[in-house]
file structure.cif (mmCIF, N, CA and C atoms)
data_my_file
loop_
_atom_site.label_atom_id
_atom_site.label_comp_id
_atom_site.auth_asym_id
_atom_site.auth_seq_id
_atom_site.Cartn_x
_atom_site.Cartn_y
_atom_site.Cartn_z
N HIS A 4 2.58 3.32 -7.88
CA HIS A 4 3.08 2.19 -7.12
C HIS A 4 3.68 2.69 -5.81
N GLU A 5 3.51 1.91 -4.77
CA GLU A 5 4.21 2.13 -3.51
C GLU A 5 5.05 0.88 -3.27
N ILE A 6 6.34 1.08 -2.99
CA ILE A 6 7.24 -0.04 -2.75
C ILE A 6 7.87 0.12 -1.38
N GLY A 7 7.88 -0.97 -0.59
CA GLY A 7 8.50 -0.91 0.73
C GLY A 7 8.47 -2.28 1.40
N PHE A 8 9.03 -2.33 2.59
CA PHE A 8 9.01 -3.58 3.34
C PHE A 8 7.63 -3.80 3.95
N ALA A 9 7.22 -5.05 4.00
CA ALA A 9 5.95 -5.41 4.63
C ALA A 9 6.11 -5.36 6.15
N ALA A 10 4.99 -5.31 6.83
CA ALA A 10 4.95 -5.34 8.29
C ALA A 10 4.08 -6.52 8.73
N GLU A 11 4.10 -6.83 10.02
CA GLU A 11 3.29 -7.94 10.53
C GLU A 11 1.83 -7.80 10.13
N LYS A 12 1.32 -6.58 10.11
CA LYS A 12 -0.09 -6.37 9.76
C LYS A 12 -0.40 -6.78 8.31
N ASP A 13 0.64 -6.92 7.47
CA ASP A 13 0.47 -7.29 6.07
C ASP A 13 0.50 -8.80 5.85
N PHE A 14 0.77 -9.59 6.88
CA PHE A 14 1.01 -11.02 6.74
C PHE A 14 -0.12 -11.75 6.00
N THR A 15 -1.35 -11.55 6.40
CA THR A 15 -2.47 -12.27 5.78
C THR A 15 -2.61 -11.89 4.31
N GLU A 16 -2.57 -10.61 4.01
CA GLU A 16 -2.68 -10.18 2.61
C GLU A 16 -1.47 -10.64 1.80
N LEU A 17 -0.29 -10.59 2.40
CA LEU A 17 0.94 -11.02 1.72
C LEU A 17 0.86 -12.50 1.35
N THR A 18 0.52 -13.36 2.31
CA THR A 18 0.46 -14.79 2.02
C THR A 18 -0.68 -15.11 1.05
N ASP A 19 -1.80 -14.43 1.18
CA ASP A 19 -2.90 -14.66 0.25
C ASP A 19 -2.50 -14.27 -1.17
N THR A 20 -1.82 -13.13 -1.31
CA THR A 20 -1.36 -12.68 -2.63
C THR A 20 -0.35 -13.66 -3.22
N ALA A 21 0.61 -14.11 -2.41
CA ALA A 21 1.60 -15.08 -2.90
C ALA A 21 0.93 -16.38 -3.31
N ASN A 22 -0.01 -16.86 -2.51
CA ASN A 22 -0.72 -18.09 -2.86
C ASN A 22 -1.49 -17.95 -4.17
N ARG A 23 -2.14 -16.80 -4.37
CA ARG A 23 -2.87 -16.58 -5.63
C ARG A 23 -1.92 -16.51 -6.82
N MET A 24 -0.78 -15.82 -6.64
CA MET A 24 0.16 -15.65 -7.75
C MET A 24 0.79 -16.97 -8.18
N PHE A 25 1.12 -17.82 -7.23
CA PHE A 25 1.89 -19.01 -7.54
C PHE A 25 1.06 -20.27 -7.73
N THR A 26 -0.20 -20.27 -7.31
CA THR A 26 -1.01 -21.49 -7.46
C THR A 26 -2.31 -21.25 -8.20
N GLY A 27 -2.58 -20.01 -8.58
CA GLY A 27 -3.85 -19.69 -9.21
C GLY A 27 -4.01 -20.26 -10.61
N LYS A 28 -5.25 -20.62 -10.92
CA LYS A 28 -5.57 -21.10 -12.28
C LYS A 28 -7.07 -20.97 -12.52
N MET A 29 -7.41 -20.92 -13.77
CA MET A 29 -8.83 -20.88 -14.15
C MET A 29 -9.35 -22.31 -14.18
N LYS A 30 -10.50 -22.52 -13.57
CA LYS A 30 -11.12 -23.84 -13.57
C LYS A 30 -12.63 -23.65 -13.71
N ASN A 31 -13.16 -24.20 -14.78
CA ASN A 31 -14.59 -24.09 -15.06
C ASN A 31 -15.09 -22.65 -15.02
N GLY A 32 -14.28 -21.74 -15.57
CA GLY A 32 -14.68 -20.33 -15.63
C GLY A 32 -14.46 -19.56 -14.35
N SER A 33 -13.89 -20.20 -13.32
CA SER A 33 -13.63 -19.52 -12.06
C SER A 33 -12.14 -19.57 -11.74
N TYR A 34 -11.65 -18.55 -11.08
CA TYR A 34 -10.25 -18.50 -10.67
C TYR A 34 -10.13 -19.17 -9.31
N THR A 35 -9.28 -20.18 -9.21
CA THR A 35 -9.09 -20.88 -7.95
C THR A 35 -7.60 -20.88 -7.59
N TYR A 36 -7.32 -21.04 -6.31
CA TYR A 36 -5.94 -21.14 -5.86
C TYR A 36 -5.89 -21.86 -4.51
N LYS A 37 -4.69 -22.36 -4.19
CA LYS A 37 -4.49 -23.06 -2.92
C LYS A 37 -4.26 -22.01 -1.83
N THR A 38 -5.20 -21.91 -0.89
CA THR A 38 -5.19 -20.81 0.08
C THR A 38 -4.09 -20.90 1.14
N SER A 39 -3.45 -22.04 1.30
CA SER A 39 -2.39 -22.13 2.31
C SER A 39 -1.13 -22.79 1.75
N PHE A 40 -0.89 -22.62 0.46
CA PHE A 40 0.25 -23.26 -0.21
C PHE A 40 1.58 -22.93 0.47
N PHE A 41 1.88 -21.64 0.64
CA PHE A 41 3.17 -21.26 1.20
C PHE A 41 3.27 -21.63 2.68
N GLN A 42 2.18 -21.53 3.42
CA GLN A 42 2.21 -21.89 4.83
C GLN A 42 2.50 -23.38 5.01
N LYS A 43 2.03 -24.21 4.09
CA LYS A 43 2.26 -25.65 4.19
C LYS A 43 3.58 -26.08 3.56
N SER A 44 3.97 -25.47 2.44
CA SER A 44 5.18 -25.90 1.74
C SER A 44 6.45 -25.29 2.34
N MET A 45 6.35 -24.14 3.00
CA MET A 45 7.50 -23.49 3.62
C MET A 45 7.13 -22.99 5.01
N PRO A 46 6.79 -23.90 5.92
CA PRO A 46 6.27 -23.48 7.23
C PRO A 46 7.24 -22.64 8.05
N LYS A 47 8.54 -22.85 7.91
CA LYS A 47 9.49 -22.05 8.69
C LYS A 47 9.49 -20.59 8.24
N LEU A 48 9.16 -20.36 6.99
CA LEU A 48 9.15 -18.99 6.46
C LEU A 48 7.79 -18.31 6.61
N TYR A 49 6.73 -19.09 6.70
CA TYR A 49 5.38 -18.49 6.68
C TYR A 49 4.50 -18.95 7.84
N ARG A 50 5.12 -19.27 8.97
CA ARG A 50 4.36 -19.68 10.15
C ARG A 50 4.14 -18.48 11.06
N ASP A 51 5.13 -17.63 11.17
CA ASP A 51 5.13 -16.51 12.10
C ASP A 51 4.84 -15.21 11.36
N ARG A 52 3.92 -14.42 11.88
CA ARG A 52 3.55 -13.15 11.24
C ARG A 52 4.74 -12.20 11.12
N ALA A 53 5.73 -12.35 12.01
CA ALA A 53 6.90 -11.46 11.98
C ALA A 53 7.71 -11.64 10.69
N THR A 54 7.56 -12.79 10.01
CA THR A 54 8.31 -13.02 8.77
C THR A 54 7.84 -12.12 7.64
N ALA A 55 6.72 -11.45 7.81
CA ALA A 55 6.25 -10.51 6.78
C ALA A 55 7.30 -9.43 6.53
N ALA A 56 8.03 -9.05 7.57
CA ALA A 56 9.05 -7.99 7.44
C ALA A 56 10.21 -8.41 6.55
N ASP A 57 10.29 -9.69 6.20
CA ASP A 57 11.34 -10.19 5.30
C ASP A 57 10.92 -10.10 3.84
N HIS A 58 9.92 -9.30 3.54
CA HIS A 58 9.40 -9.18 2.17
C HIS A 58 9.32 -7.72 1.74
N ILE A 59 9.66 -7.50 0.50
CA ILE A 59 9.43 -6.20 -0.12
C ILE A 59 8.14 -6.35 -0.91
N ILE A 60 7.23 -5.40 -0.73
CA ILE A 60 5.94 -5.48 -1.41
C ILE A 60 5.71 -4.27 -2.30
N ILE A 61 4.89 -4.49 -3.31
CA ILE A 61 4.44 -3.41 -4.19
C ILE A 61 2.94 -3.28 -3.98
N ARG A 62 2.49 -2.07 -3.77
CA ARG A 62 1.05 -1.81 -3.60
C ARG A 62 0.56 -0.92 -4.73
N ASP A 63 -0.59 -1.24 -5.24
CA ASP A 63 -1.32 -0.42 -6.19
C ASP A 63 -2.71 -0.21 -5.62
N ASP A 64 -3.12 1.03 -5.53
CA ASP A 64 -4.43 1.37 -4.95
C ASP A 64 -4.63 0.71 -3.59
N GLY A 65 -3.55 0.65 -2.79
CA GLY A 65 -3.63 0.13 -1.43
C GLY A 65 -3.57 -1.38 -1.29
N LYS A 66 -3.52 -2.11 -2.41
CA LYS A 66 -3.49 -3.58 -2.36
C LYS A 66 -2.13 -4.10 -2.81
N ILE A 67 -1.69 -5.20 -2.18
CA ILE A 67 -0.43 -5.82 -2.59
C ILE A 67 -0.61 -6.46 -3.96
N THR A 68 0.24 -6.04 -4.90
CA THR A 68 0.17 -6.58 -6.26
C THR A 68 1.45 -7.30 -6.67
N GLY A 69 2.49 -7.19 -5.85
CA GLY A 69 3.74 -7.87 -6.13
C GLY A 69 4.55 -7.99 -4.86
N LEU A 70 5.43 -8.97 -4.83
CA LEU A 70 6.26 -9.14 -3.64
C LEU A 70 7.49 -9.97 -3.95
N VAL A 71 8.49 -9.80 -3.12
CA VAL A 71 9.69 -10.63 -3.18
C VAL A 71 10.13 -10.87 -1.74
N GLY A 72 10.46 -12.11 -1.44
CA GLY A 72 10.96 -12.45 -0.11
C GLY A 72 12.47 -12.25 -0.08
N VAL A 73 12.94 -11.62 0.96
CA VAL A 73 14.38 -11.43 1.17
C VAL A 73 14.66 -12.07 2.54
N ILE A 74 14.93 -13.37 2.52
CA ILE A 74 14.99 -14.16 3.73
C ILE A 74 16.43 -14.24 4.25
N PRO A 75 16.70 -13.63 5.42
CA PRO A 75 18.06 -13.67 5.96
C PRO A 75 18.40 -15.05 6.51
N ASN A 76 19.67 -15.42 6.40
CA ASN A 76 20.11 -16.72 6.90
C ASN A 76 21.58 -16.62 7.29
N THR A 77 22.02 -17.59 8.07
CA THR A 77 23.42 -17.66 8.48
C THR A 77 23.92 -19.07 8.24
N LEU A 78 25.12 -19.18 7.67
CA LEU A 78 25.75 -20.46 7.41
C LEU A 78 27.05 -20.53 8.21
N HIS A 79 27.21 -21.60 8.96
CA HIS A 79 28.45 -21.83 9.72
C HIS A 79 29.16 -23.02 9.09
N ALA A 80 30.40 -22.82 8.65
CA ALA A 80 31.17 -23.91 8.04
C ALA A 80 32.66 -23.63 8.20
N PHE A 81 33.39 -24.65 8.55
CA PHE A 81 34.85 -24.56 8.64
C PHE A 81 35.31 -23.41 9.54
N GLY A 82 34.58 -23.20 10.63
CA GLY A 82 34.95 -22.15 11.57
C GLY A 82 34.64 -20.75 11.12
N LYS A 83 33.93 -20.62 10.03
CA LYS A 83 33.56 -19.30 9.49
C LYS A 83 32.05 -19.13 9.57
N THR A 84 31.61 -17.89 9.59
CA THR A 84 30.19 -17.56 9.58
C THR A 84 29.92 -16.69 8.37
N LEU A 85 28.92 -17.08 7.60
CA LEU A 85 28.53 -16.33 6.41
C LEU A 85 27.07 -15.92 6.57
N LYS A 86 26.80 -14.64 6.52
CA LYS A 86 25.42 -14.15 6.55
C LYS A 86 25.01 -13.85 5.11
N TYR A 87 23.84 -14.31 4.73
CA TYR A 87 23.37 -14.13 3.36
C TYR A 87 21.85 -14.06 3.35
N SER A 88 21.30 -13.74 2.22
CA SER A 88 19.85 -13.70 2.06
C SER A 88 19.45 -14.55 0.87
N VAL A 89 18.30 -15.15 0.99
CA VAL A 89 17.70 -15.93 -0.09
C VAL A 89 16.57 -15.09 -0.65
N TYR A 90 16.51 -14.96 -1.95
CA TYR A 90 15.46 -14.18 -2.59
C TYR A 90 14.41 -15.12 -3.15
N LEU A 91 13.18 -14.92 -2.77
CA LEU A 91 12.05 -15.73 -3.28
C LEU A 91 11.16 -14.85 -4.11
N LEU A 92 10.99 -15.19 -5.34
CA LEU A 92 10.11 -14.41 -6.23
C LEU A 92 8.77 -15.06 -6.34
#
call {"tool": "encode", "arguments": {"input": "structure.cif", "output": "C-alpha cells"}}
result
Amino acid sequence: HEIGFAAEKDFTELTDTANRMFTGKMKNGSYTYKTSFFQKSMPKLYRDRATAADHIIIRDDGKITGLVGVIPNTLHAFGKTLKYSVYLL
C-alpha cells in the first residue's frame, strides 16, 4: 500500500473511485455506478481540481483503492474563529 495526500492530477481518478465506492451496485450481471454523484451532490467540494489535495488516498498497484476527505473549514461565531476539518469517508 502507498498512503499519502492526493494532488490535482489525481482528481479524476479520485472522484471516479469515490463515485464507484459509494454508488456502485450490480445490475443485470454488470457493475454500474453514478459517474458524477459527488460532483453533483457536493459541488463546493468536488468542483475544483485543487480540492483533491484535501484527500488522503491509498494506492495499490498504482491505483486508488481507498480515500478519505479531510476538508478544512472555518467557523466564525460570537467573535471567535474556530478552524476545523470535516472527515468524509
call {"tool": "residues_around", "arguments": {"input": "structure.cif", "residues": "Thr15 of chain A", "least_positions_apart": "5", "cutoff": "8 Å", "atoms": "only N, CA and C atoms", "output": "NGL selection string"}}
result
:A and (10 or 20-21 or 52 or 55)
call {"tool": "resolve_selection", "arguments": {"input": "structure.cif", "expression": "the PyMOL selection byres (((chain A and resi 69-81 and name CA) around 7) and name CA)", "output": "list in words"}}
result
Asp57, His58, Ile59, Ile60, Ile61, Ile67, Thr68, Gly82, Lys83, Thr84, Leu85, Lys86, Tyr87, Ser88, Val89, Tyr90, Leu91 and Leu92 of chain A
call {"tool": "write_last_selection", "arguments": {"input": "structure.cif", "atoms": "N, CA and C atoms", "output": "PDB file, in the frame of the given file"}}
result
ATOM      1  N   ASP A  57      10.290  -9.690   6.200  1.00  0.00           N
ATOM      2  CA  ASP A  57      11.340 -10.190   5.300  1.00  0.00           C
ATOM      3  C   ASP A  57      10.920 -10.100   3.840  1.00  0.00           C
ATOM      4  N   HIS A  58       9.920  -9.300   3.540  1.00  0.00           N
ATOM      5  CA  HIS A  58       9.400  -9.180   2.170  1.00  0.00           C
ATOM      6  C   HIS A  58       9.320  -7.720   1.740  1.00  0.00           C
ATOM      7  N   ILE A  59       9.660  -7.500   0.500  1.00  0.00           N
ATOM      8  CA  ILE A  59       9.430  -6.200  -0.120  1.00  0.00           C
ATOM      9  C   ILE A  59       8.140  -6.350  -0.910  1.00  0.00           C
ATOM     10  N   ILE A  60       7.230  -5.400  -0.730  1.00  0.00           N
ATOM     11  CA  ILE A  60       5.940  -5.480  -1.410  1.00  0.00           C
ATOM     12  C   ILE A  60       5.710  -4.270  -2.300  1.00  0.00           C
ATOM     13  N   ILE A  61       4.890  -4.490  -3.310  1.00  0.00           N
ATOM     14  CA  ILE A  61       4.440  -3.410  -4.190  1.00  0.00           C
ATOM     15  C   ILE A  61       2.940  -3.280  -3.980  1.00  0.00           C
ATOM     16  N   ILE A  67      -1.690  -5.200  -2.180  1.00  0.00           N
ATOM     17  CA  ILE A  67      -0.430  -5.820  -2.590  1.00  0.00           C
ATOM     18  C   ILE A  67      -0.610  -6.460  -3.960  1.00  0.00           C
ATOM     19  N   THR A  68       0.240  -6.040  -4.900  1.00  0.00           N
ATOM     20  CA  THR A  68       0.170  -6.580  -6.260  1.00  0.00           C
ATOM     21  C   THR A  68       1.450  -7.300  -6.670  1.00  0.00           C
ATOM     22  N   GLY A  82      34.580 -23.200  10.630  1.00  0.00           N
ATOM     23  CA  GLY A  82      34.950 -22.150  11.570  1.00  0.00           C
ATOM     24  C   GLY A  82      34.640 -20.750  11.120  1.00  0.00           C
ATOM     25  N   LYS A  83      33.930 -20.620  10.030  1.00  0.00           N
ATOM     26  CA  LYS A  83      33.560 -19.300   9.490  1.00  0.00           C
ATOM     27  C   LYS A  83      32.050 -19.130   9.570  1.00  0.00           C
ATOM     28  N   THR A  84      31.610 -17.890   9.590  1.00  0.00           N
ATOM     29  CA  THR A  84      30.190 -17.560   9.580  1.00  0.00           C
ATOM     30  C   THR A  84      29.920 -16.690   8.370  1.00  0.00           C
ATOM     31  N   LEU A  85      28.920 -17.080   7.600  1.00  0.00           N
ATOM     32  CA  LEU A  85      28.530 -16.330   6.410  1.00  0.00           C
ATOM     33  C   LEU A  85      27.070 -15.920   6.570  1.00  0.00           C
ATOM     34  N   LYS A  86      26.800 -14.640   6.520  1.00  0.00           N
ATOM     35  CA  LYS A  86      25.420 -14.150   6.550  1.00  0.00           C
ATOM     36  C   LYS A  86      25.010 -13.850   5.110  1.00  0.00           C
ATOM     37  N   TYR A  87      23.840 -14.310   4.730  1.00  0.00           N
ATOM     38  CA  TYR A  87      23.370 -14.130   3.360  1.00  0.00           C
ATOM     39  C   TYR A  87      21.850 -14.060   3.350  1.00  0.00           C
ATOM     40  N   SER A  88      21.300 -13.740   2.220  1.00  0.00           N
ATOM     41  CA  SER A  88      19.850 -13.700   2.060  1.00  0.00           C
ATOM     42  C   SER A  88      19.450 -14.550   0.870  1.00  0.00           C
ATOM     43  N   VAL A  89      18.300 -15.150   0.990  1.00  0.00           N
ATOM     44  CA  VAL A  89      17.700 -15.930  -0.090  1.00  0.00           C
ATOM     45  C   VAL A  89      16.570 -15.090  -0.650  1.00  0.00           C
ATOM     46  N   TYR A  90      16.510 -14.960  -1.950  1.00  0.00           N
ATOM     47  CA  TYR A  90      15.460 -14.180  -2.590  1.00  0.00           C
ATOM     48  C   TYR A  90      14.410 -15.120  -3.150  1.00  0.00           C
ATOM     49  N   LEU A  91      13.180 -14.920  -2.770  1.00  0.00           N
ATOM     50  CA  LEU A  91      12.050 -15.730  -3.280  1.00  0.00           C
ATOM     51  C   LEU A  91      11.160 -14.850  -4.110  1.00  0.00           C
ATOM     52  N   LEU A  92      10.990 -15.190  -5.340  1.00  0.00           N
ATOM     53  CA  LEU A  92      10.110 -14.410  -6.230  1.00  0.00           C
ATOM     54  C   LEU A  92       8.770 -15.060  -6.340  1.00  0.00           C
TER      55      LEU A  92
END
call {"tool": "residues_near_point", "arguments": {"input": "structure.cif", "point": "(2.2, -1.4, -3.7)", "cutoff": "5 Å", "atoms": "all atoms listed in the file", "output": "MDAnalysis selection string"}}
result
chainID A and resid 4:6 60:63
call {"tool": "write_last_selection", "arguments": {"input": "structure.cif", "atoms": "N, CA and C atoms", "output": "compact mmCIF listing (two decimals), in the frame of the given file"}}
result
# COMPACT_ATOMS: atom_id res chain seq x y z
N HIS A 4 2.58 3.32 -7.88
CA HIS A 4 3.08 2.19 -7.12
C HIS A 4 3.68 2.69 -5.81
N GLU A 5 3.51 1.91 -4.77
CA GLU A 5 4.21 2.13 -3.51
C GLU A 5 5.05 0.88 -3.27
N ILE A 6 6.34 1.08 -2.99
CA ILE A 6 7.24 -0.04 -2.75
C ILE A 6 7.87 0.12 -1.38
N ILE A 60 7.23 -5.40 -0.73
CA ILE A 60 5.94 -5.48 -1.41
C ILE A 60 5.71 -4.27 -2.30
N ILE A 61 4.89 -4.49 -3.31
CA ILE A 61 4.44 -3.41 -4.19
C ILE A 61 2.94 -3.28 -3.98
N ARG A 62 2.49 -2.07 -3.77
CA ARG A 62 1.05 -1.81 -3.60
C ARG A 62 0.56 -0.92 -4.73
N ASP A 63 -0.59 -1.24 -5.24
CA ASP A 63 -1.32 -0.42 -6.19
C ASP A 63 -2.71 -0.21 -5.62
call {"tool": "atom_distance", "arguments": {"input": "structure.cif", "atom1": "atom CA of Ser33 of chain A", "atom2": "atom C of Leu17 of chain A"}}
result
21.0 Å
call {"tool": "atom_distance", "arguments": {"input": "structure.cif", "atom1": "atom CA of Tyr49 of chain A", "atom2": "atom N of Lys12 of chain A"}}
result
13.0 Å
call {"tool": "atom_distance", "arguments": {"input": "structure.cif", "atom1": "atom CA of Gln42 of chain A", "atom2": "atom N of Asp19 of chain A"}}
result
9.2 Å
call {"tool": "select_by_dssp", "arguments": {"input": "structure.cif", "residues": "chain A", "states": "strand (DSSP E or B)", "output": "MDAnalysis selection string"}}
result
chainID A and resid 5:8 28:30 33:35 58:63 66:80 83:91
call {"tool": "select_by_dssp", "arguments": {"input": "structure.cif", "residues": "chain A", "states": "alpha helix (DSSP H)", "output": "JSON, numbers by chain"}}
result
{"A": [14, 15, 16, 17, 18, 19, 20, 21, 22, 23, 24, 25, 26, 40, 41, 42, 43, 44, 46, 47, 48, 49]}
